file work_16.pdb (PDB, C-alpha atoms)
ATOM      1  CA  MET B   1     -85.361 -48.104  56.643
ATOM      2  CA  LEU B   2     -85.148 -44.398  55.802
ATOM      3  CA  PHE B   3     -88.857 -43.907  56.590
ATOM      4  CA  THR B   4     -88.495 -45.777  59.883
ATOM      5  CA  ALA B   5     -85.439 -43.760  60.851
ATOM      6  CA  LEU B   6     -87.131 -40.446  60.031
ATOM      7  CA  ARG B   7     -90.294 -41.391  61.922
ATOM      8  CA  ASP B   8     -88.213 -42.338  64.959
ATOM      9  CA  MET B   9     -86.354 -39.006  64.747
ATOM     10  CA  GLN B  10     -89.690 -37.168  64.526
ATOM     11  CA  TRP B  11     -90.990 -39.010  67.578
ATOM     12  CA  ARG B  12     -87.888 -38.068  69.592
ATOM     13  CA  ARG B  13     -87.235 -34.785  67.790
ATOM     14  CA  TRP B  14     -86.124 -32.742  70.793
ATOM     15  CA  ARG B  15     -83.510 -35.292  71.710
ATOM     16  CA  PHE B  16     -82.157 -35.142  68.157
ATOM     17  CA  VAL B  17     -82.303 -31.314  68.060
ATOM     18  CA  ILE B  18     -80.243 -31.158  71.256
ATOM     19  CA  ALA B  19     -77.789 -33.672  69.806
ATOM     20  CA  ILE B  20     -77.442 -31.626  66.596
ATOM     21  CA  VAL B  21     -76.851 -28.376  68.521
ATOM     22  CA  VAL B  22     -74.335 -29.905  70.946
ATOM     23  CA  THR B  23     -72.492 -31.788  68.207
ATOM     24  CA  GLY B  24     -72.587 -28.627  66.064
ATOM     25  CA  LEU B  25     -70.877 -26.722  68.881
ATOM     26  CA  VAL B  26     -68.180 -29.395  68.984
ATOM     27  CA  PHE B  27     -67.744 -29.197  65.200
ATOM     28  CA  ALA B  28     -67.606 -25.382  65.364
ATOM     29  CA  MET B  29     -64.881 -25.439  67.996
ATOM     30  CA  THR B  30     -63.006 -28.036  65.960
ATOM     31  CA  LEU B  31     -63.092 -25.730  62.924
ATOM     32  CA  VAL B  32     -61.980 -22.764  65.021
ATOM     33  CA  LEU B  33     -59.098 -24.764  66.522
ATOM     34  CA  THR B  34     -58.128 -25.946  63.035
ATOM     35  CA  GLY B  35     -58.185 -22.312  61.910
ATOM     36  CA  LEU B  36     -56.029 -21.278  64.860
ATOM     37  CA  ALA B  37     -53.427 -23.970  64.160
ATOM     38  CA  ASN B  38     -53.422 -23.065  60.470
ATOM     39  CA  GLY B  39     -53.333 -19.341  61.244
ATOM     40  CA  PHE B  40     -49.971 -19.597  63.014
ATOM     41  CA  ARG B  41     -48.296 -20.861  59.870
ATOM     42  CA  VAL B  42     -50.243 -18.749  57.377
ATOM     43  CA  GLU B  43     -49.314 -15.451  59.056
ATOM     44  CA  ASP B  44     -45.630 -16.465  59.194
ATOM     45  CA  GLU B  45     -45.765 -17.524  55.538
ATOM     46  CA  ARG B  46     -47.284 -14.163  54.623
ATOM     47  CA  THR B  47     -44.535 -12.345  56.501
ATOM     48  CA  VAL B  48     -41.746 -14.307  54.805
ATOM     49  CA  ASP B  49     -43.385 -14.006  51.369
ATOM     50  CA  SER B  50     -43.742 -10.229  51.819
ATOM     51  CA  LEU B  51     -39.961  -9.919  52.082
ATOM     52  CA  GLY B  52     -39.532 -10.870  48.426
ATOM     53  CA  VAL B  53     -36.607 -13.206  49.124
ATOM     54  CA  ASP B  54     -36.108 -16.524  47.304
ATOM     55  CA  GLU B  55     -33.474 -17.919  49.664
ATOM     56  CA  PHE B  56     -31.431 -16.904  52.696
ATOM     57  CA  LEU B  57     -27.696 -17.311  53.266
ATOM     58  CA  ILE B  58     -27.044 -18.087  56.943
ATOM     59  CA  LYS B  59     -24.181 -19.380  59.063
ATOM     60  CA  SER B  60     -23.730 -23.170  59.020
ATOM     61  CA  GLY B  61     -24.608 -23.461  62.723
ATOM     62  CA  ALA B  62     -27.791 -21.384  62.451
ATOM     63  CA  THR B  63     -31.244 -22.967  62.257
ATOM     64  CA  GLY B  64     -32.802 -20.121  60.302
ATOM     65  CA  PRO B  65     -32.531 -16.451  59.349
ATOM     66  CA  PHE B  66     -34.632 -15.108  62.216
ATOM     67  CA  LEU B  67     -34.992 -16.589  65.696
ATOM     68  CA  GLY B  68     -32.338 -19.224  65.047
ATOM     69  CA  SER B  69     -29.870 -16.883  63.367
ATOM     70  CA  VAL B  70     -26.174 -16.505  64.160
ATOM     71  CA  PRO B  71     -24.763 -13.026  63.382
ATOM     72  CA  PHE B  72     -21.935 -12.650  60.882
ATOM     73  CA  PRO B  73     -20.121  -9.712  59.233
ATOM     74  CA  ALA B  74     -22.041  -7.703  56.650
ATOM     75  CA  SER B  75     -18.911  -7.730  54.458
ATOM     76  CA  GLU B  76     -19.897 -11.210  53.233
ATOM     77  CA  LEU B  77     -22.477  -9.437  51.069
ATOM     78  CA  GLN B  78     -19.712  -8.417  48.665
ATOM     79  CA  VAL B  79     -18.895 -12.078  47.978
ATOM     80  CA  VAL B  80     -22.531 -13.074  47.416
ATOM     81  CA  ALA B  81     -23.825 -10.055  45.474
ATOM     82  CA  GLY B  82     -21.714 -10.785  42.403
ATOM     83  CA  ALA B  83     -22.010 -14.575  42.502
ATOM     84  CA  ALA B  84     -23.496 -16.623  39.680
ATOM     85  CA  GLY B  85     -27.281 -17.006  39.839
ATOM     86  CA  VAL B  86     -27.830 -14.020  42.158
ATOM     87  CA  ARG B  87     -30.063 -11.274  40.733
ATOM     88  CA  ALA B  88     -30.083  -9.198  43.934
ATOM     89  CA  ALA B  89     -28.805  -9.591  47.499
ATOM     90  CA  SER B  90     -29.411  -7.637  50.699
ATOM     91  CA  PRO B  91     -27.998  -7.692  54.238
ATOM     92  CA  LEU B  92     -30.834  -8.598  56.592
ATOM     93  CA  ALA B  93     -31.145  -8.376  60.359
ATOM     94  CA  TYR B  94     -33.775  -9.591  62.827
ATOM     95  CA  LYS B  95     -34.534  -8.816  66.451
ATOM     96  CA  GLY B  96     -37.294  -9.515  68.923
ATOM     97  CA  ALA B  97     -38.053  -6.216  70.641
ATOM     98  CA  THR B  98     -40.672  -4.237  72.533
ATOM     99  CA  PHE B  99     -42.290  -0.887  71.846
ATOM    100  CA  LYS B 100     -44.292   1.576  73.875
ATOM    101  CA  ASN B 101     -48.027   1.488  73.285
ATOM    102  CA  GLY B 102     -49.505   4.229  75.448
ATOM    103  CA  ASP B 103     -48.900   3.226  79.055
ATOM    104  CA  SER B 104     -48.193  -0.406  78.156
ATOM    105  CA  THR B 105     -45.412  -2.282  76.368
ATOM    106  CA  ARG B 106     -45.970  -4.663  73.458
ATOM    107  CA  ASP B 107     -43.772  -7.301  71.849
ATOM    108  CA  ALA B 108     -42.739  -6.898  68.223
ATOM    109  CA  ALA B 109     -40.813  -8.765  65.535
ATOM    110  CA  VAL B 110     -38.287  -6.320  64.044
ATOM    111  CA  PHE B 111     -36.920  -6.902  60.545
ATOM    112  CA  GLY B 112     -34.053  -4.924  59.051
ATOM    113  CA  ALA B 113     -33.374  -4.531  55.309
ATOM    114  CA  PRO B 114     -32.302  -1.858  52.825
ATOM    115  CA  GLY B 115     -35.218   0.362  51.794
ATOM    116  CA  GLY B 116     -35.135  -0.676  48.142
ATOM    117  CA  GLY B 117     -33.701  -4.159  48.321
ATOM    118  CA  PRO B 118     -34.932  -7.688  49.019
ATOM    119  CA  GLY B 119     -36.212  -8.005  52.562
ATOM    120  CA  MET B 120     -38.382  -4.888  52.721
ATOM    121  CA  PRO B 121     -42.120  -5.460  52.098
ATOM    122  CA  ALA B 122     -44.349  -3.254  49.970
ATOM    123  CA  MET B 123     -45.949  -0.373  51.854
ATOM    124  CA  SER B 124     -49.733   0.035  51.889
ATOM    125  CA  SER B 125     -49.130   3.730  52.601
ATOM    126  CA  GLY B 126     -46.071   5.922  52.980
ATOM    127  CA  ARG B 127     -42.608   4.701  51.965
ATOM    128  CA  PRO B 128     -39.936   2.286  53.221
ATOM    129  CA  PRO B 129     -37.520   3.568  55.870
ATOM    130  CA  LEU B 130     -34.311   4.957  54.357
ATOM    131  CA  GLY B 131     -32.391   5.927  57.489
ATOM    132  CA  PRO B 132     -31.717   4.318  60.893
ATOM    133  CA  ASP B 133     -34.142   6.686  62.629
ATOM    134  CA  GLU B 134     -37.117   5.760  60.409
ATOM    135  CA  ILE B 135     -39.500   2.814  60.703
ATOM    136  CA  ALA B 136     -42.382   1.149  58.896
ATOM    137  CA  VAL B 137     -45.009  -0.484  61.107
ATOM    138  CA  SER B 138     -47.855  -2.970  60.876
ATOM    139  CA  SER B 139     -51.310  -1.432  60.544
ATOM    140  CA  THR B 140     -52.365  -3.600  63.512
ATOM    141  CA  ILE B 141     -50.677  -1.267  66.042
ATOM    142  CA  GLY B 142     -52.983   1.611  65.088
ATOM    143  CA  ARG B 143     -50.325   4.263  64.442
ATOM    144  CA  GLN B 144     -50.226   6.887  61.678
ATOM    145  CA  LEU B 145     -47.582   8.252  59.328
ATOM    146  CA  GLY B 146     -45.537  10.934  61.061
ATOM    147  CA  ASP B 147     -46.050   9.435  64.552
ATOM    148  CA  GLU B 148     -43.071   8.661  66.747
ATOM    149  CA  LEU B 149     -42.615   5.108  68.017
ATOM    150  CA  GLU B 150     -40.354   4.209  70.925
ATOM    151  CA  VAL B 151     -38.689   0.861  70.195
ATOM    152  CA  GLY B 152     -36.334  -0.292  72.913
ATOM    153  CA  SER B 153     -34.437   2.827  73.912
ATOM    154  CA  ARG B 154     -34.816   4.588  70.559
ATOM    155  CA  LYS B 155     -37.507   6.893  69.207
ATOM    156  CA  LEU B 156     -38.210   6.337  65.511
ATOM    157  CA  LEU B 157     -40.278   8.233  62.957
ATOM    158  CA  ILE B 158     -43.040   6.231  61.257
ATOM    159  CA  VAL B 159     -42.717   6.718  57.478
ATOM    160  CA  GLY B 160     -44.540   3.611  56.207
ATOM    161  CA  ILE B 161     -47.483   1.348  57.022
ATOM    162  CA  VAL B 162     -47.646  -2.350  56.079
ATOM    163  CA  ASP B 163     -51.187  -3.725  56.040
ATOM    164  CA  ASN B 164     -51.961  -6.414  58.643
ATOM    165  CA  SER B 165     -48.342  -7.568  58.966
ATOM    166  CA  THR B 166     -47.954  -9.965  61.904
ATOM    167  CA  ALA B 167     -45.989 -13.057  62.913
ATOM    168  CA  LEU B 168     -45.563 -15.249  65.991
ATOM    169  CA  ALA B 169     -49.276 -15.451  66.891
ATOM    170  CA  LYS B 170     -50.319 -11.934  65.849
ATOM    171  CA  THR B 171     -47.210 -10.151  67.086
ATOM    172  CA  PRO B 172     -46.907  -6.945  65.012
ATOM    173  CA  ASN B 173     -44.001  -6.682  62.576
ATOM    174  CA  LEU B 174     -41.805  -3.579  62.479
ATOM    175  CA  PHE B 175     -39.424  -2.784  59.623
ATOM    176  CA  LEU B 176     -36.223  -0.765  59.913
ATOM    177  CA  THR B 177     -33.168  -0.346  57.747
ATOM    178  CA  THR B 178     -30.419  -2.886  58.388
ATOM    179  CA  GLU B 179     -28.418  -0.151  60.089
ATOM    180  CA  GLY B 180     -31.391   0.654  62.305
ATOM    181  CA  VAL B 181     -31.576  -2.930  63.606
ATOM    182  CA  GLN B 182     -27.785  -2.995  64.016
ATOM    183  CA  GLN B 183     -28.064  -0.006  66.341
ATOM    184  CA  LEU B 184     -30.828  -1.753  68.322
ATOM    185  CA  GLU B 185     -29.234  -5.205  68.492
ATOM    186  CA  TYR B 186     -25.478  -4.986  67.944
ATOM    187  CA  GLY B 187     -24.534  -1.558  69.270
ATOM    188  CA  GLY B 188     -24.012  -0.284  65.738
ATOM    189  CA  GLN B 189     -21.586  -3.045  64.734
ATOM    190  CA  PRO B 190     -21.875  -4.135  61.051
ATOM    191  CA  LEU B 191     -23.359  -7.550  61.837
ATOM    192  CA  ILE B 192     -26.312  -9.195  60.079
ATOM    193  CA  SER B 193     -28.572 -12.227  60.582
ATOM    194  CA  SER B 194     -28.694 -13.384  56.961
ATOM    195  CA  ILE B 195     -28.313 -12.332  53.355
ATOM    196  CA  GLY B 196     -31.563 -12.269  51.411
ATOM    197  CA  ILE B 197     -31.140 -13.464  47.831
ATOM    198  CA  ARG B 198     -33.300 -13.143  44.761
ATOM    199  CA  GLY B 199     -32.368 -15.902  42.374
ATOM    200  CA  ALA B 200     -30.359 -18.984  43.309
ATOM    201  CA  LEU B 201     -26.835 -18.884  44.683
ATOM    202  CA  ALA B 202     -24.751 -21.347  42.644
ATOM    203  CA  GLN B 203     -21.727 -21.565  44.963
ATOM    204  CA  VAL B 204     -22.219 -21.355  48.737
ATOM    205  CA  PRO B 205     -19.252 -19.879  50.655
ATOM    206  CA  ASP B 206     -17.508 -22.074  53.218
ATOM    207  CA  GLY B 207     -19.041 -21.833  56.678
ATOM    208  CA  TYR B 208     -22.459 -20.895  55.337
ATOM    209  CA  ARG B 209     -25.563 -22.601  53.990
ATOM    210  CA  VAL B 210     -28.575 -21.610  51.948
ATOM    211  CA  VAL B 211     -32.148 -22.145  53.185
ATOM    212  CA  HIS B 212     -35.393 -21.533  51.354
ATOM    213  CA  ARG B 213     -38.539 -19.784  52.500
ATOM    214  CA  SER B 214     -40.100 -22.907  54.019
ATOM    215  CA  VAL B 215     -37.157 -23.162  56.455
ATOM    216  CA  ALA B 216     -37.514 -19.463  57.256
ATOM    217  CA  VAL B 217     -41.191 -20.017  58.068
ATOM    218  CA  ASP B 218     -40.307 -22.979  60.300
ATOM    219  CA  ASP B 219     -37.759 -20.761  62.056
ATOM    220  CA  LEU B 220     -40.380 -18.107  62.788
ATOM    221  CA  MET B 221     -42.810 -20.771  63.991
ATOM    222  CA  ARG B 222     -40.499 -22.390  66.544
ATOM    223  CA  PRO B 223     -42.022 -20.607  69.592
ATOM    224  CA  THR B 224     -45.573 -21.595  68.574
ATOM    225  CA  ARG B 225     -44.929 -25.159  67.395
ATOM    226  CA  ILE B 226     -45.818 -26.780  70.741
ATOM    227  CA  ALA B 227     -49.033 -24.736  70.925
ATOM    228  CA  VAL B 228     -49.998 -25.869  67.415
ATOM    229  CA  GLU B 229     -49.478 -29.532  68.312
ATOM    230  CA  ALA B 230     -51.524 -29.113  71.500
ATOM    231  CA  ILE B 231     -54.371 -27.505  69.542
ATOM    232  CA  ARG B 232     -54.383 -30.387  67.050
ATOM    233  CA  ILE B 233     -54.574 -32.955  69.848
ATOM    234  CA  VAL B 234     -57.555 -31.133  71.375
ATOM    235  CA  ALA B 235     -59.243 -31.083  67.946
ATOM    236  CA  ILE B 236     -58.866 -34.876  67.665
ATOM    237  CA  LEU B 237     -60.377 -35.306  71.123
ATOM    238  CA  LEU B 238     -63.320 -33.140  70.061
ATOM    239  CA  TRP B 239     -63.982 -35.440  67.091
ATOM    240  CA  ILE B 240     -64.156 -38.363  69.524
ATOM    241  CA  VAL B 241     -66.577 -36.418  71.732
ATOM    242  CA  ALA B 242     -68.753 -35.710  68.684
ATOM    243  CA  ALA B 243     -68.884 -39.413  67.828
ATOM    244  CA  LEU B 244     -69.929 -40.294  71.376
ATOM    245  CA  ILE B 245     -72.684 -37.649  71.393
ATOM    246  CA  VAL B 246     -74.156 -38.856  68.089
ATOM    247  CA  GLY B 247     -73.873 -42.479  69.199
ATOM    248  CA  GLY B 248     -75.728 -41.653  72.404
ATOM    249  CA  VAL B 249     -78.955 -40.594  70.672
ATOM    250  CA  VAL B 250     -79.466 -43.090  67.863
ATOM    251  CA  VAL B 251     -81.407 -46.341  68.269
ATOM    252  CA  LEU B 252     -81.242 -49.711  66.551
ATOM    253  CA  ALA B 253     -83.887 -49.002  63.876
ATOM    254  CA  GLY B 254     -82.141 -47.118  61.075
ATOM    255  CA  LEU B 255     -79.014 -46.494  63.142
ATOM    256  CA  VAL B 256     -76.722 -45.635  60.238
ATOM    257  CA  VAL B 257     -79.248 -43.292  58.604
ATOM    258  CA  GLN B 258     -80.003 -41.485  61.870
ATOM    259  CA  ALA B 259     -76.360 -41.078  62.786
ATOM    260  CA  ILE B 260     -75.406 -39.671  59.390
ATOM    261  CA  ILE B 261     -78.368 -37.246  59.360
ATOM    262  CA  VAL B 262     -77.507 -35.952  62.839
ATOM    263  CA  ALA B 263     -73.803 -35.644  62.007
ATOM    264  CA  VAL B 264     -74.340 -33.834  58.692
ATOM    265  CA  LEU B 265     -76.866 -31.377  60.154
ATOM    266  CA  ALA B 266     -74.517 -30.753  63.079
ATOM    267  CA  ALA B 267     -71.628 -30.149  60.667
ATOM    268  CA  ALA B 268     -73.661 -27.555  58.738
ATOM    269  CA  PHE B 269     -74.637 -25.837  61.987
ATOM    270  CA  GLY B 270     -71.057 -25.977  63.248
ATOM    271  CA  ALA B 271     -69.627 -24.516  60.027
ATOM    272  CA  GLY B 272     -71.879 -21.476  60.321
ATOM    273  CA  LEU B 273     -71.236 -21.082  64.034
ATOM    274  CA  SER B 274     -67.455 -21.204  63.549
ATOM    275  CA  ARG B 275     -67.676 -18.072  61.365
ATOM    276  CA  LEU B 276     -69.330 -16.252  64.279
ATOM    277  CA  LEU B 277     -66.856 -17.519  66.877
ATOM    278  CA  ALA B 278     -63.647 -16.857  64.913
ATOM    279  CA  PRO B 279     -63.595 -13.028  65.377
ATOM    280  CA  LEU B 280     -63.854 -13.475  69.163
ATOM    281  CA  PHE B 281     -60.342 -14.961  69.332
ATOM    282  CA  PRO B 282     -57.352 -12.591  69.761
ATOM    283  CA  MET B 283     -55.261 -14.568  67.265
ATOM    284  CA  ASN B 284     -55.669 -15.227  63.554
ATOM    285  CA  VAL B 285     -58.254 -17.905  62.772
ATOM    286  CA  ILE B 286     -57.581 -18.870  59.146
ATOM    287  CA  GLU B 287     -59.450 -22.014  58.198
ATOM    288  CA  PRO B 288     -57.758 -23.921  55.339
ATOM    289  CA  ALA B 289     -59.624 -24.198  52.027
ATOM    290  CA  LEU B 290     -60.256 -27.917  52.532
ATOM    291  CA  ALA B 291     -61.653 -27.478  56.061
ATOM    292  CA  TYR B 292     -65.343 -27.478  55.061
ATOM    293  CA  PRO B 293     -65.357 -30.412  52.602
ATOM    294  CA  LEU B 294     -63.158 -32.260  55.087
ATOM    295  CA  LEU B 295     -65.657 -31.479  57.850
ATOM    296  CA  ALA B 296     -68.477 -32.926  55.730
ATOM    297  CA  ALA B 297     -66.484 -36.105  55.073
ATOM    298  CA  ILE B 298     -65.502 -36.442  58.727
ATOM    299  CA  ALA B 299     -69.109 -35.816  59.781
ATOM    300  CA  VAL B 300     -70.219 -38.815  57.745
ATOM    301  CA  GLY B 301     -67.356 -40.832  59.237
ATOM    302  CA  VAL B 302     -68.379 -39.724  62.726
ATOM    303  CA  GLY B 303     -71.952 -40.750  61.929
ATOM    304  CA  LEU B 304     -70.845 -44.208  60.821
ATOM    305  CA  LEU B 305     -68.636 -44.615  63.874
ATOM    306  CA  ALA B 306     -71.439 -43.455  66.136
ATOM    307  CA  SER B 307     -73.892 -45.889  64.536
ATOM    308  CA  ALA B 308     -71.442 -48.734  65.092
ATOM    309  CA  THR B 309     -71.168 -47.742  68.747
ATOM    310  CA  ALA B 310     -74.936 -47.606  69.091
ATOM    311  CA  VAL B 311     -75.379 -50.977  67.344
ATOM    312  CA  GLN B 312     -72.961 -52.569  69.786
ATOM    313  CA  ARG B 313     -74.825 -51.011  72.703
ATOM    314  CA  ALA B 314     -78.207 -52.049  71.364
ATOM    315  CA  ALA B 315     -77.025 -55.589  70.712
ATOM    316  CA  THR B 316     -76.229 -56.032  74.414
ATOM    317  CA  VAL B 317     -79.753 -55.088  75.533
ATOM    318  CA  ASP B 318     -82.064 -57.954  76.511
ATOM    319  CA  PRO B 319     -84.952 -57.963  73.972
ATOM    320  CA  ALA B 320     -87.425 -58.522  76.801
ATOM    321  CA  HIS B 321     -86.346 -55.277  78.434
ATOM    322  CA  ALA B 322     -86.118 -53.448  75.098
ATOM    323  CA  PHE B 323     -89.755 -54.257  74.219
ATOM    324  CA  GLY B 324     -91.168 -53.917  77.735
ATOM    325  CA  GLY B 325     -91.406 -57.626  78.538
ATOM    326  CA  PRO B 326     -90.950 -59.151  82.022
TER     327      PRO B 326
END

call {"tool": "encode", "arguments": {"input": "work_16.pdb", "output": "structure tokens"}}
result
Amino acid sequence: MLFTALRDMQWRRWRFVIAIVVTGLVFAMTLVLTGLANGFRVEDERTVDSLGVDEFLIKSGATGPFLGSVPFPASELQVVAGAAGVRAASPLAYKGATFKNGDSTRDAAVFGAPGGGPGMPAMSSGRPPLGPDEIAVSSTIGRQLGDELEVGSRKLLIVGIVDNSTALAKTPNLFLTTEGVQQLEYGGQPLISSIGIRGALAQVPDGYRVVHRSVAVDDLMRPTRIAVEAIRIVAILLWIVAALIVGGVVVLAGLVVQAIIVAVLAAAFGAGLSRLLAPLFPMNVIEPALAYPLLAAIAVGVGLLASATAVQRAATVDPAHAFGGP
């Protein structure tokens, strides 16, 4: 059967080459879409992990420490800082803002934390901001130490750079002191979005709750969640398209063998092509570690499904017509 299948593929080689290239394009786009969907979460996880916080204390009615936060007085820090199980605690603030980028305006995610406490990421160059008029910025905005950055209505001095720090679909992260964000968001009032805790708070104050980093990541991802689901649906549809393409070129002799060969070769081509396509997208394309072995397994599954489709089609053909009879 293998010899028959290979001979048939050789006889109709251009048809199979076209099928491999087209199916490979579908597989490549599926990998890129998978990388896009995964990239939304990975960049938000990296942002939250960079803060060095084990858990966040937030108001009971809040959904998270960032976009879903509810402000509360910074004085609550005094209750939490000395509580059992807490190694360190910091008042944190968050704000969605804009900054001037030449003649244009860009969105930014602004995080506020004490310069030396939980909530401030490590700098790749420079130092953390120590006053309300200083700022650390993501390397993705292309600014240098000593530059001035206009955020909202305030001009801030760049004292630190954080390498490739983004969230919310490659929105650059900016880092101020807690007081700096309070001046941007609350008119200087001593309000905060959450308390970042290293350790584990044993007794939660009334009216508050503790959430872990996974909830914080979900909170950051809320604006992109619908986009991620839409991307996943499109990826599933592309798998179906791939199965139909493979099923459209195989014939009854050696159907299973032909379909699997076409699918596997297309998967290999698609995996390489996805690496070339990924940098063309303006958002992070971060393919999960299991994407390539999963692609190989799905390619075989697509091949088997395609062969079943082709068998059903072939079985409906009148043998007289199939072999050139009257």

call {"tool": "residues_near_point", "arguments": {"input": "work_16.pdb", "point": "(-35.8, 5.5, 59.4)", "cutoff": "7 Å", "atoms": "all atoms listed in the file", "output": "VMD selection string"}}
result
chain B and resid 129 to 135 156 to 157 176 to 177

call {"tool": "write_last_selection", "arguments": {"input": "work_16.pdb", "atoms": "C-alpha atoms", "output": "PDB file, in the frame of the given file"}}
result
ATOM      1  CA  PRO B 129     -37.520   3.568  55.870  1.00  0.00           C
ATOM      2  CA  LEU B 130     -34.311   4.957  54.357  1.00  0.00           C
ATOM      3  CA  GLY B 131     -32.391   5.927  57.489  1.00  0.00           C
ATOM      4  CA  PRO B 132     -31.717   4.318  60.893  1.00  0.00           C
ATOM      5  CA  ASP B 133     -34.142   6.686  62.629  1.00  0.00           C
ATOM      6  CA  GLU B 134     -37.117   5.760  60.409  1.00  0.00           C
ATOM      7  CA  ILE B 135     -39.500   2.814  60.703  1.00  0.00           C
ATOM      8  CA  LEU B 156     -38.210   6.337  65.511  1.00  0.00           C
ATOM      9  CA  LEU B 157     -40.278   8.233  62.957  1.00  0.00           C
ATOM     10  CA  LEU B 176     -36.223  -0.765  59.913  1.00  0.00           C
ATOM     11  CA  THR B 177     -33.168  -0.346  57.747  1.00  0.00           C
TER      12      THR B 177
END

call {"tool": "resolve_selection", "arguments": {"input": "work_16.pdb", "expression": "the PyMOL selection byres ((chain B and resi 86) around 9)", "output": "VMD selection string"}}
result
chain B and resid 80 to 85 87 to 89 197 to 202

call {"tool": "closest_residue", "arguments": {"input": "work_16.pdb", "among": "B:Ala267, B:Ile231, B:Gly207, B:Arg41", "to": "Pro293 of chain B", "atoms": "all atoms listed in the file"}}
result
B:Ala267

call {"tool": "closest_residue", "arguments": {"input": "work_16.pdb", "among": "B:Thr47, B:Ser274, B:Gln78, B:Ser214", "to": "Glu287 of chain B", "atoms": "only C-alpha atoms"}}
result
B:Ser274

call {"tool": "residues_around", "arguments": {"input": "work_16.pdb", "residues": "Pro121 of chain B", "least_positions_apart": "2", "cutoff": "9 Å", "atoms": "all atoms listed in the file", "output": "list in words"}}
result
Thr47, Asp49, Ser50, Leu51, Gly52, Pro118, Gly119, Met123, Pro128, Val162 and Phe175 of chain B

call {"tool": "resolve_selection", "arguments": {"input": "work_16.pdb", "expression": "the PyMOL selection byres ((chain B and resi 285) around 8)", "output": "JSON, numbers by chain"}}
result
{"B": [32, 33, 35, 36, 37, 38, 39, 278, 279, 281, 283, 284, 286, 287]}

call {"tool": "residues_around", "arguments": {"input": "work_16.pdb", "residues": "segment 44-46 of chain B", "least_positions_apart": "6", "cutoff": "7 Å", "atoms": "all atoms listed in the file", "output": "VMD selection string"}}
result
chain B and resid 167 to 168 217 220

call {"tool": "write_last_selection", "arguments": {"input": "work_16.pdb", "atoms": "C-alpha atoms", "output": "compact mmCIF listing (two decimals), keeping the file's coordinate frame"}}
result
# COMPACT_ATOMS: atom_id res chain seq x y z
CA ALA B 167 -45.99 -13.06 62.91
CA LEU B 168 -45.56 -15.25 65.99
CA VAL B 217 -41.19 -20.02 58.07
CA LEU B 220 -40.38 -18.11 62.79

call {"tool": "atom_distance", "arguments": {"input": "work_16.pdb", "atom1": "atom CA of Ser165 of chain B", "atom2": "atom CA of Leu57 of chain B"}}
result
23.5 Å

call {"tool": "residues_around", "arguments": {"input": "work_16.pdb", "residues": "Gly102 of chain B", "least_positions_apart": "5", "cutoff": "12 Å", "atoms": "all atoms listed in the file", "output": "short mmCIF file (atom, residue, chain, number, x, y, z; two decimals) with C-alpha atoms, in the coordinates of the input"}}
result
data_model
loop_
_atom_site.label_atom_id
_atom_site.label_comp_id
_atom_site.auth_asym_id
_atom_site.auth_seq_id
_atom_site.Cartn_x
_atom_site.Cartn_y
_atom_site.Cartn_z
CA ILE B 141 -50.68 -1.27 66.04
CA GLY B 142 -52.98 1.61 65.09
CA ARG B 143 -50.32 4.26 64.44
CA GLU B 148 -43.07 8.66 66.75
CA LEU B 149 -42.62 5.11 68.02
CA GLU B 150 -40.35 4.21 70.92
#

call {"tool": "atom_distance", "arguments": {"input": "work_16.pdb", "atom1": "atom CA of Gly160 of chain B", "atom2": "atom CA of Ala97 of chain B"}}
result
18.6 Å

call {"tool": "closest_residue", "arguments": {"input": "work_16.pdb", "among": "B:Tyr94, B:Phe16, B:Phe40, B:Trp239", "to": "Pro71 of chain B", "atoms": "all atoms listed in the file"}}
result
B:Tyr94

call {"tool": "resolve_selection", "arguments": {"input": "work_16.pdb", "expression": "the PyMOL selection byres ((chain B and resi 208-212) around 7)", "output": "CSV table (one decimal) with C-alpha atoms, in the frame of the given file"}}
result
chain,number,residue,atom,x,y,z
B,54,ASP,CA,-36.1,-16.5,47.3
B,55,GLU,CA,-33.5,-17.9,49.7
B,56,PHE,CA,-31.4,-16.9,52.7
B,57,LEU,CA,-27.7,-17.3,53.3
B,58,ILE,CA,-27.0,-18.1,56.9
B,59,LYS,CA,-24.2,-19.4,59.1
B,60,SER,CA,-23.7,-23.2,59.0
B,204,VAL,CA,-22.2,-21.4,48.7
B,205,PRO,CA,-19.3,-19.9,50.7
B,206,ASP,CA,-17.5,-22.1,53.2
B,207,GLY,CA,-19.0,-21.8,56.7
B,213,ARG,CA,-38.5,-19.8,52.5
B,214,SER,CA,-40.1,-22.9,54.0
B,215,VAL,CA,-37.2,-23.2,56.5
B,216,ALA,CA,-37.5,-19.5,57.3

call {"tool": "atom_distance", "arguments": {"input": "work_16.pdb", "atom1": "atom CA of Asp163 of chain B", "atom2": "atom CA of Val137 of chain B"}}
result
8.6 Å

call {"tool": "residues_around", "arguments": {"input": "work_16.pdb", "residues": "Pro65 of chain B", "least_positions_apart": "4", "cutoff": "6 Å", "atoms": "only C-alpha atoms", "output": "list of chain:residue names"}}
result
B:Ser69, B:Ser193, B:Ser194
